[in-house]
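Accompanying notes for the structure given below.
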Amino acid sequence: MMWSNVWFKRAVAIGAIGICTILIFNIVYFSDLSPGTKYKIYVVQGYTLFTSCIFLLTSFFWKCLVTDLLCNVKNTYVVQAWKSFLFFYFTLVHCAQFTNLYGYQEPSAFQWLAWICFGSYSVLTLIFPSARFLFWMFTITKGHKGGVLTSNRVTFVCVVATFVVSVSSYFAAMRGPEFVKVTIPVKGMHRSLDGMKIALLTDVHIGPTVGVSSVEKIVQMTNSLDADFIAVVGDLVDTKVRYGKDSAAPLKHLKAKHGKYFTTGNHEYYTGEVEEWFNELSALGFTILHNSNVKLKYSDEEWFCLMGVDDIQADQISYGDHGMNLTSAFDGCENERLNILLAHQPNSARMALDDDRYTIQLILSGHTHGGQLYSVAVPMYLSNAFYRGLYQVDNMSKNVYVSQGTFYFGMPMRWGSRCEITDITLKAV
């Protein structure tokens, strides 16, 4: 009863924080504050709400893993060690998100360990409540009392399963990106464009767990493809310019026949320094597609239009003059030509496909990470129009490809997905 009252009070408090957050967000959204000021307010709001929710969940885990599990156990050194470990573990989990606020050329041990703990916490969040719910349903329907299957044994199995999954997920991510070869048939594409190669990078997430050595690796791998052009479709960075520019420096060595192009993802807007990153990436040789396009002449007789739109996150947080503007991005392109769109979120791709004013044969996206971990795969699947891989719509006249991401966000783990560099070949049909 005591725990029920405590749980209820904490839930009410977090609900109140959530309501206040929504009210403040709406006030800030419609204000004339600068994007930088809005960003600072959003960061405080986001971290306050997120930390409060994590605290509520951690309270539940502490009750199950300490209070309930050890209620009839003597206070030995092993028990003290277990409590100390969990306290240290949960502290790192709560610290993980804050490690985005600073950075180094290579991730620090603290950043790395905090995000590993957060990743395993995410796994625990999927496994433990699910198992406890199934156990509760079993006891209700079968009238189970005692026996081999007990609450404490379910808890122990969940802890072991979380450890095993977390370790295997970590080593899966440490294998690094793999080449994923995709051939996309494009109806009506001029024969002179047949065989065009695109190197697609998304969701690199330079920041607390992706440093300069990781960037050097993808530069080497991408250059080996000898692509016609390189598309970096959002979420390249997770930190401010002063913390991430040294890690991003090897990107200047990316080479392709027709250049390298960048368009924003939601995480660029989370840094609050989109314009500063535009300047930095331009200095590294990127062409920034900020609701704009370039016409690439592929042969003496044919050119195509490569366009990019701002991420829809900019619309959602009212980030200055940024926001998805397909009309501006398409300006000067022709429906009769090949048109390729870079749009970070699959929901942006859906919006572009639904706009029948423009003919876009290929849209390249990322954002979903292919789920990254099963613990976040379901919400990613449900909240995005396209999830991962190649989608062909309108009788194969339009194509959407969603990358699983070059690296990972924060958590250096992959469970049910993989890091990829996409080697795309277009085939005229």
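Every chain in the structure tokens takes a letter, A first, then B, and so on in the order presented; its residues are numbered from 1, and the ligands are numbered from 1 following the presented order.
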Next on the checklist: Give me the residues near Gly188 of chain A as a PyMOL selection string, where near means some atom within 10 Å (using only C-alpha atoms) and where sequence neighbours in that chain fewer than 6 positions away do not count.
Outcome noted: chain A and resi 336-338+361+397+428-429
Next, dump the selected residues to file, keeping only N, CA and C atoms, as an mmCIF file, in the first residue's frame.
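The resulting part-v8.cif:
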```
data_model
loop_
_atom_site.group_PDB
_atom_site.id
_atom_site.type_symbol
_atom_site.label_atom_id
_atom_site.label_comp_id
_atom_site.auth_asym_id
_atom_site.auth_seq_id
_atom_site.Cartn_x
_atom_site.Cartn_y
_atom_site.Cartn_z
ATOM 1 N N GLU A 336 9.529 16.117 -65.863
ATOM 2 C CA GLU A 336 9.902 15.159 -66.908
ATOM 3 C C GLU A 336 11.305 14.584 -66.693
ATOM 4 N N ARG A 337 12.065 15.170 -65.794
ATOM 5 C CA ARG A 337 13.431 14.721 -65.535
ATOM 6 C C ARG A 337 13.455 13.798 -64.310
ATOM 7 N N LEU A 338 14.616 13.196 -64.080
ATOM 8 C CA LEU A 338 14.818 12.430 -62.854
ATOM 9 C C LEU A 338 14.983 13.405 -61.696
ATOM 10 N N GLN A 361 11.006 10.655 -58.299
ATOM 11 C CA GLN A 361 11.128 9.220 -58.518
ATOM 12 C C GLN A 361 11.828 8.501 -57.370
ATOM 13 N N SER A 397 6.569 3.491 -59.773
ATOM 14 C CA SER A 397 7.037 4.725 -60.413
ATOM 15 C C SER A 397 7.749 5.634 -59.423
ATOM 16 N N ALA A 428 17.659 1.984 -65.122
ATOM 17 C CA ALA A 428 16.598 2.511 -65.961
ATOM 18 C C ALA A 428 15.706 1.393 -66.451
ATOM 19 N N VAL A 429 14.392 1.560 -66.296
ATOM 20 C CA VAL A 429 13.428 0.558 -66.761
ATOM 21 C C VAL A 429 12.287 1.244 -67.488
#
```
Checklist entry - Got a sec to tell me which of segment 92-245 of chain A DSSP assigns to helix (DSSP H, G or I), as number ranges by chain? => result A: 92-101, 109-142, 151-174, 191-193, 212-223, 241-245
Near segment 261-267 of chain A, 9 Å: segment 334-410 of chain A residue rows, closest pairs, only C-alpha atoms, as a tab-separated table:
```
residue	atom	partner	partner_atom	distance
A:Leu342	CA	A:Thr263	CA	6.8
A:Ala343	CA	A:Thr263	CA	7.3
A:His344	CA	A:Gly265	CA	5.3
A:Gln345	CA	A:Gly265	CA	7.3
A:Gly366	CA	A:Gly265	CA	8.7
A:His367	CA	A:Gly265	CA	7.6
```
Checklist entry - Separation of atom CA of Val66 of chain A and atom CA of Trp82 of chain A, in Å? => result 8.3 Å
Next on the checklist: Taking 2 positions as the minimum chain separation for residues in the same chain, which residues sit within 12 Å of Gln220 of chain A when counting only C-alpha atoms? Answer as a count of residues only.
Outcome noted: 19
Which residues come within 7 Å of segment 101-103 of chain A, counting only C-alpha atoms, excluding same-chain residues fewer than 5 positions away, as a PDB file with N, CA, C and O atoms, in the first residue's frame?
```pdb
ATOM      1  N   GLY A 207      29.133  12.706 -31.790  1.00  0.00           N
ATOM      2  CA  GLY A 207      28.784  13.209 -30.466  1.00  0.00           C
ATOM      3  C   GLY A 207      29.356  12.348 -29.368  1.00  0.00           C
ATOM      4  O   GLY A 207      30.511  11.913 -29.456  1.00  0.00           O
ATOM      5  N   PRO A 208      28.555  12.053 -28.334  1.00  0.00           N
ATOM      6  CA  PRO A 208      29.101  11.406 -27.133  1.00  0.00           C
ATOM      7  C   PRO A 208      29.650  10.004 -27.332  1.00  0.00           C
ATOM      8  O   PRO A 208      30.481   9.560 -26.541  1.00  0.00           O
ATOM      9  N   THR A 239      25.950  17.327 -31.344  1.00  0.00           N
ATOM     10  CA  THR A 239      26.605  18.213 -30.393  1.00  0.00           C
ATOM     11  C   THR A 239      26.892  19.546 -31.063  1.00  0.00           C
ATOM     12  O   THR A 239      26.697  19.707 -32.270  1.00  0.00           O
ATOM     13  N   TYR A 243      32.367  21.421 -30.006  1.00  0.00           N
ATOM     14  CA  TYR A 243      32.679  20.091 -29.489  1.00  0.00           C
ATOM     15  C   TYR A 243      32.826  19.059 -30.605  1.00  0.00           C
ATOM     16  O   TYR A 243      33.529  18.061 -30.436  1.00  0.00           O
ATOM     17  N   GLY A 244      32.152  19.282 -31.739  1.00  0.00           N
ATOM     18  CA  GLY A 244      32.114  18.251 -32.775  1.00  0.00           C
ATOM     19  C   GLY A 244      32.944  18.508 -34.009  1.00  0.00           C
ATOM     20  O   GLY A 244      33.132  17.602 -34.835  1.00  0.00           O
TER      21      GLY A 244
END
```
Checklist entry - Contacts of Asn152 of chain A at 10 Å or less, counting only C-alpha atoms, minus same-chain residues fewer than 5 places along, as a ChimeraX atom specification? => result /A:64-65,68-70,157-158
Item to check | All residues 10 Å or closer to segment 295-308 of chain A, only C-alpha atoms, same chain fewer than 5 positions away omitted, as an MDAnalysis selection string | outcome: chainID A and resid 189:193 196 228:229 231 233 257:259 261:264 288:290 324:326 328:344 360 362:364
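Within 12 Å of Arg242 of chain A, once only C-alpha atoms are used and residues closer than 3 positions along the same chain are dropped, the contacting residues are Leu101, Tyr102, Gly103, Tyr104, Gln105, Gly207, Val237, Asp238, Thr239, Lys245, Asp246, Ser247, Ala248, Ala249, Thr271, Glu273, Glu276, Trp277 and Glu280 of chain A.
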Can those selected residues be exported to a file as a compact mmCIF listing (two decimals), in the first residue's frame so that it contains N, CA and C atoms?
```txt
# COMPACT_ATOMS: atom_id res chain seq x y z
N LEU A 101 25.79 17.50 -23.95
CA LEU A 101 26.02 18.93 -23.74
C LEU A 101 27.50 19.31 -23.79
N TYR A 102 28.38 18.32 -23.93
CA TYR A 102 29.81 18.60 -24.07
C TYR A 102 30.41 17.52 -24.96
N GLY A 103 31.67 17.64 -25.29
CA GLY A 103 32.23 16.62 -26.16
C GLY A 103 33.73 16.75 -26.34
N TYR A 104 34.30 15.71 -26.92
CA TYR A 104 35.73 15.64 -27.19
C TYR A 104 35.94 15.04 -28.57
N GLN A 105 37.18 15.04 -29.03
CA GLN A 105 37.47 14.46 -30.34
C GLN A 105 37.11 12.98 -30.36
N GLY A 207 29.13 12.71 -31.79
CA GLY A 207 28.78 13.21 -30.47
C GLY A 207 29.36 12.35 -29.37
N VAL A 237 25.20 15.12 -36.78
CA VAL A 237 25.83 15.56 -35.53
C VAL A 237 24.83 15.56 -34.37
N ASP A 238 25.38 15.45 -33.17
CA ASP A 238 24.59 15.42 -31.95
C ASP A 238 25.12 16.40 -30.91
N THR A 239 25.95 17.33 -31.34
CA THR A 239 26.61 18.21 -30.39
C THR A 239 26.89 19.55 -31.06
N LYS A 245 33.48 19.73 -34.16
CA LYS A 245 34.16 20.04 -35.43
C LYS A 245 35.43 19.22 -35.64
N ASP A 246 36.16 18.92 -34.58
CA ASP A 246 37.37 18.11 -34.74
C ASP A 246 37.02 16.68 -35.14
N SER A 247 35.94 16.16 -34.58
CA SER A 247 35.51 14.81 -34.94
C SER A 247 34.99 14.76 -36.37
N ALA A 248 34.39 15.87 -36.82
CA ALA A 248 33.82 15.91 -38.17
C ALA A 248 34.86 16.22 -39.24
N ALA A 249 36.05 16.66 -38.84
CA ALA A 249 37.06 17.11 -39.79
C ALA A 249 37.38 16.11 -40.90
N THR A 271 20.84 20.57 -31.59
CA THR A 271 22.09 21.23 -31.19
C THR A 271 21.90 22.72 -31.00
N GLU A 273 22.44 24.86 -33.22
CA GLU A 273 23.48 25.55 -34.01
C GLU A 273 23.45 25.09 -35.46
N GLU A 276 25.49 27.38 -37.78
CA GLU A 276 26.91 27.19 -37.52
C GLU A 276 27.41 25.89 -38.14
N TRP A 277 26.61 24.85 -38.07
CA TRP A 277 26.98 23.59 -38.70
C TRP A 277 26.96 23.70 -40.23
N GLU A 280 30.28 25.16 -41.05
CA GLU A 280 31.35 24.19 -40.85
C GLU A 280 31.37 23.14 -41.95
```
Checklist outcome for this item: One decimal place gives the atom CA of Asp394 of chain A-atom CA of Asp194 of chain A separation as 20.9 Å
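Nearest residue to Ala377 of chain A among A:Trp415, A:Tyr39, A:Phe138, A:Tyr401 is A:Trp415, counting only C-alpha atoms.
Across the structure, atom CA of Gly195 of chain A and atom CA of Lys427 of chain A are spaced 5.6 Å apart.
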Item to check | Sel. of strand (DSSP E or B) residues, segment 235-277 of chain A, as a ChimeraX atom specification | outcome: /A:237,260-263
